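One structure below.
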Amino acid sequence: MSTDDKKQKTESGLSAEEMERLNRVSYVLGMEAIKRISSQKVLIVGLKGLGVEVAKNVILSNVKSVSILDNELVQIGDLSAQFFLTEKDVGKVSRAAASVEKLQELNRFVEVNVVTEELSEEIIKKYTIVVLTNNRSISTLKKITDACHKNGVHVIASDVRGVFGWIFCDFGESFVVTDVTGEEPLSSLVSSVGSEKEPQVITLDESRHGLEDGDYVQFAEVKGMTQINELQEPIRIKVTGPFTFKLELDTTGFSAYQSGGRVTQVKMPKTVQFKSLSESLAAPDFLFSDFAKFEHPQQWHLLLEALLVFQERHQGQLPPSHHKEAADEVIAIVKEINDKLPAGSPVKVEQVNEAIVRPLIETAAGEISPMSAVFGGLIAQEVLKAASGKFNPIYQWLYMDAVEALPKAPEGAAVPADEYQPLGSRYDDQIAVFGRTFQEKINNLRYFLVGAGAIGCEMLKNWAMMGLSSGPNGRIFVTDMDTIEMSNLSRQFLFRNPDIGKFKSKSAADAVTRMNPQLKIEAYTAKCGPETEEFYDDAFFKNLSGVANALDNVQARLYVDQRCVQTGRSLLESGTLGAKGNVQVVVPFLTAHYGADRDPAEKDFPSCTIKSFPYMVQHTIQWARELFEGEYNKMAEDCNTFLDRDDFWATLPKRGNEALQLDLVQTVEKAVKERPTTFEQCIEIARMRFEELFYNNLAQLTFLYPREHQTDKGMPFWSPPKRFPTALKFDARDPLHTAFVYAAAHLVAATYGLPVSKNQDDENYVAKVASQVNVPPFTPKSGIKVNTDESKKEEDVGSVNIDDDKRKIEEVHERLQDKRRPECRMVPLSFEKDDDSNHHIDFIYAAAMLRARNYEITEVDRHQTKQIAGKIIPAIVTTTALVTGLVCIELYKLIQEGKVLDQFKNAFVNLALPFISFSEPAPPKKHRWIESKADKTLTVWDQFVVDEGRDLTVREFIEVLRKSHSIEVGMISAGNVLVYNPYAKSAKENIDRKISEVYQTAMKLTLAPNVNRILLEITAEDVETEEDVNTPTLHYVFRK
């Protein structure tokens, strides 16, 4: 662990283990917010499904303490959503007492305790944040929330009632939000700044500045008009175009702008004034979640108050499931409340819409896990906002329903009288919402979950509560090839410290089986990909009810999506990125599939920018990451290839042009000849690399292109965004200089398998040895070729003198003739970002920041360097819980008969703003497979299947398609491999061979015994019109 890192952890006030646990969270919230969160004392009232979801998420987020208050004895129906209760707890112990030990296991750094006293104002004063769930009385709710408001205690009230839920937030009369969006501040390079009362700023046209009217900015690195760099207060702007904006600043007294500069957005604090619940009930502010239900919030708001009034009149009881008289009573209360509202009230509706409220009343008695997960994620994020001031809070009411998930009885069909009555089972609350028949379907589903990380853990927990796979025909299959790491524990809540190093899929399966012993689950560790299709074959997929992805990369998602399309299975797709999340439901023949629309690929930085002309810290970090790969992985692998392969020199031309070949053999020679035998020699190698990388190379570049150098068109070569570099002279007193040599020396020692003693493993010792290294003076050379063309890759540049390079390669060949000895083998280092003891990030950080100093680029800390270099995806449990809850709501809909497109909802959420958007999935795109015939249309779900119950010859195969689809087949291929070509010499022989035989010959493989179908593409023309046809991939079944 580096000195810089140790210092950071000390300043954070958190232990090293806490920091490691919260690593991914820190990239969402930032260290300042995490420090504030770690000082908060939270009280959670009510510990049914919603309460335990909030408690789980808040504890994983590392607050100081969580107190839970719920003195009611556990009931069997609680087990429908409360995952820390067991059947042994029913009727014997309170929900809080039964859950406290398991909650504490989530995070030993958070104190978890039980409050048994009745909730009072005195108890409230002990906490900074109070969460109220399982509310049973409107008057009590007002009393408690008003007491919180009066005492400056942030309060969040919420309930989940069947498929209906609500949240109310009150963070006091003057709550400061330090960062409204959570996005990184925007930054652009400056092209010019005017000298006037409201000067116009023009940014370089590489990309739009992205700023908005009213934003604030600050300047740095501006040359000429240096006064603008020194302003302490941010400057308000007015946008005039995508690359221009005006400043609310008079620059007439400033020096004239010359060149350069960077303008950066400044996040300004925002103060929010919250009303108490008593005030807000009459004049609510709504956060809209579903714009298809724009008229519903007033109806929902009235319903909420009516349900609480009903409970107050009935000893806290909710209206029984599908009980007409009770529902009528609640509707009467809704109308009574509405009638009493004064004219002009923002809540008053013209007419109470029974079609909206009645289904919600009829199902309010049950609590289901997916809805608890959704609202548990939302509430926990609001707790973190209240604790830290990070992100914009809900102001002040949020309502949501999932009425589309409720099963619809066939028209005219009678519903059995006992359909929604309890069975005395753990699923009673879910039965109260969906009915016994629906529950039996859930129990017997067969689902494949691909991934057991953060989303996978939450998904399995929800499925366990729902009873998915608990029936005689049900089964869950889960696979994940990854093992558990410390950083997983902050959001993958099924795992504990003793699980570190174990397979995620197996540990997750064990954990949810303990939650619900009725589950039938099989855990695999084999990746789901092309290489495992013999295992996850067509029969496996076709035996599933559906598939759910819990993956973190696009390629894997696309593969699973492809398999679902091929086998006609539904797919539940989701993902998170910090506070953002998305859900997509894929229904065969009804919706587009996941791969139908994709985000554009991430744009790579030009090679010449990385190698010679960086102007952002991201460039220097990528350079350092590539440097690590080349120095400590590729060089070792190339050296070992030289030692292991007799044909090394013969195959050299395959490595690229002469310049690349020369670079390779010189690298191998360097690795062999420089081989150190002591750690001191490793330090010397590291010191010489410092000189080469941060002095010599820059001195060479500025020799070739001095500051006054001009392009062929007579323009200044070093014009923005290029930055003229300065070579660095090594200074052992500079901590960053020493940090580089220290890390590099350790990596050199690791690649050569050299031990480092305790005495040697000291930065002061390394600095002392490094300062004594004799470094020869550097003389720049002429004729060196540098890539200055952004359109060219480095390997495309080529040699200045090919013959000279060939001669040098031969000379190296001669010198290495007798160097192929086993003791010369090296140890390639695979980059690992999460092991602070391996010096990988330390090296990349030091190298990247030294490179930044070369080019006068603003430096960043090690933490940010690690995120960029390691491509770390920010993650937080709140978003994960919410997203998986939404996924499982869509799963309910997939079970229903007679599916229609508008009942399904894709979702996008951003908990920072907060923003929740639901949209109807797009239908699958249709295309004509015979252009001239309008009735010949297909979607990706349509398949051409040839299944004659046996393996056909090519001739028979062609005849079957002629008769069934009136098409004349030409060529047959599989992927990029031509299986049958009627114009080839082999056609005469192959025409009467079995398709599977021809396929295996062409593909150079043997089909496994369990494979019964292959995918083929064909070229063909319509028999009638003789025009080319565009057929989909053809499924050829050659054996049963």
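So you can find residues: chains in the structure tokens are A, B, ... in the order shown, residues in each start at 1, and ligands are numbered from 1 in order.
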
Show which residues sit within 8 Å of Val512 of chain A, as a ChimeraX atom specification. Count only C-alpha atoms, and ignore same-chain residues fewer than 6 positions away. /A:460-461,464,494,519

From a DSSP pass on the backbone, collect the residues of segment 857-955 of chain A flagged as helix (DSSP H, G or I) and hand them back as a VMD selection string. chain A and resid 862 to 869 877 to 895 901 to 903 954 to 955

Neighbours of segment 424-436 of chain A within 7 Å (only C-alpha atoms; same-chain residues fewer than 6 positions away dropped), as number ranges by chain? A: 76-77, 79-80, 162, 321, 363, 365-368, 406-407

So how far away is atom CA of Ser61 of chain A from atom CA of Val42 of chain A, in Å?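 Rounded to one decimal, the two atoms are 11.8 Å apart.
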
Measuring between only C-alpha atoms, which one of A:Ser917, A:Asn392, A:Gln232, A:Gln298 shows the shortest distance to Glu183 of chain A?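 Counting only C-alpha atoms, the residue closest to Glu183 of chain A is A:Asn392.
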
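Those residues that approach Leu754 of chain A to within 12 Å, counting only C-alpha atoms, are Arg675, Pro676, Thr677, Thr678, Phe679, Glu680, Gln681, Cys682, Ala745, His746, Leu747, Val748, Ala749, Met826 and Val827 of chain A; same-chain residues fewer than 5 positions away are not listed.
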
Quick one: DSSP strand (DSSP E or B) residues in segment 192-357 of chain A, as number ranges by chain? A: 192-193, 200-203, 216-220, 223, 235-241, 244-247, 259, 262-266, 270-272, 286-287

Mind dumping a table of every segment 933-955 of chain A residue within 10 Å of segment 993-1000 of chain A, with the nearest atom pair and its distance in Å to one decimal, using only C-alpha atoms, sorted by chain and rising number, as JSON lines?
```
{"residue": "A:Arg950", "atom": "CA", "partner": "A:Lys994", "partner_atom": "CA", "distance": 9.8}
{"residue": "A:Asp951", "atom": "CA", "partner": "A:Lys994", "partner_atom": "CA", "distance": 6.2}
{"residue": "A:Leu952", "atom": "CA", "partner": "A:Lys994", "partner_atom": "CA", "distance": 5.4}
{"residue": "A:Thr953", "atom": "CA", "partner": "A:Lys994", "partner_atom": "CA", "distance": 4.0}
{"residue": "A:Val954", "atom": "CA", "partner": "A:Ile995", "partner_atom": "CA", "distance": 5.5}
{"residue": "A:Arg955", "atom": "CA", "partner": "A:Arg993", "partner_atom": "CA", "distance": 8.3}
```

Those same residues - N, CA, C and O atoms - I'd like them written as a PDB file, in the first residue's frame.
```
ATOM      1  N   ARG A 950     -35.084 -36.555 -39.255  1.00  0.00           N
ATOM      2  CA  ARG A 950     -33.874 -37.317 -39.582  1.00  0.00           C
ATOM      3  C   ARG A 950     -32.855 -36.368 -40.206  1.00  0.00           C
ATOM      4  O   ARG A 950     -33.170 -35.215 -40.519  1.00  0.00           O
ATOM      5  N   ASP A 951     -31.672 -36.885 -40.423  1.00  0.00           N
ATOM      6  CA  ASP A 951     -30.605 -36.104 -41.053  1.00  0.00           C
ATOM      7  C   ASP A 951     -30.762 -36.192 -42.574  1.00  0.00           C
ATOM      8  O   ASP A 951     -30.761 -37.291 -43.145  1.00  0.00           O
ATOM      9  N   LEU A 952     -30.941 -35.037 -43.215  1.00  0.00           N
ATOM     10  CA  LEU A 952     -31.168 -34.996 -44.657  1.00  0.00           C
ATOM     11  C   LEU A 952     -29.860 -34.875 -45.418  1.00  0.00           C
ATOM     12  O   LEU A 952     -28.862 -34.365 -44.901  1.00  0.00           O
ATOM     13  N   THR A 953     -29.886 -35.316 -46.655  1.00  0.00           N
ATOM     14  CA  THR A 953     -28.760 -35.012 -47.546  1.00  0.00           C
ATOM     15  C   THR A 953     -28.921 -33.565 -48.000  1.00  0.00           C
ATOM     16  O   THR A 953     -29.998 -32.954 -47.862  1.00  0.00           O
ATOM     17  N   VAL A 954     -27.883 -33.016 -48.574  1.00  0.00           N
ATOM     18  CA  VAL A 954     -27.961 -31.639 -49.072  1.00  0.00           C
ATOM     19  C   VAL A 954     -29.055 -31.533 -50.130  1.00  0.00           C
ATOM     20  O   VAL A 954     -29.832 -30.570 -50.152  1.00  0.00           O
ATOM     21  N   ARG A 955     -29.139 -32.532 -51.002  1.00  0.00           N
ATOM     22  CA  ARG A 955     -30.164 -32.533 -52.055  1.00  0.00           C
ATOM     23  C   ARG A 955     -31.560 -32.504 -51.445  1.00  0.00           C
ATOM     24  O   ARG A 955     -32.426 -31.726 -51.871  1.00  0.00           O
TER      25      ARG A 955
END
```

So that I can see what lies close to segment 557-573 of chain A, please list as a ChimeraX atom specification the residues with an atom at most 8 Å from it, counting only C-alpha atoms and leaving out residues fewer than 6 positions away in the same chain. /A:528-530,538,541-542,544-551,583-588,593-595,887,890-891,940-941

Contacts of Asn801 of chain A at 10 Å or less, counting only C-alpha atoms, minus same-chain residues fewer than 6 places along, as a VMD selection string? chain A and resid 658 to 659 783

Contacts of Gln258 of chain A at 8 Å (only C-alpha atoms; same-chain gap of 3+ positions) as a VMD selection string: chain A and resid 192 222 to 225

Just give me the gap between atom CA of Lys238 of chain A and atom CA of Val617 of chain A in Å, one decimal is fine.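 Going from atom CA of Lys238 of chain A over to atom CA of Val617 of chain A, I get 27.7 Å.
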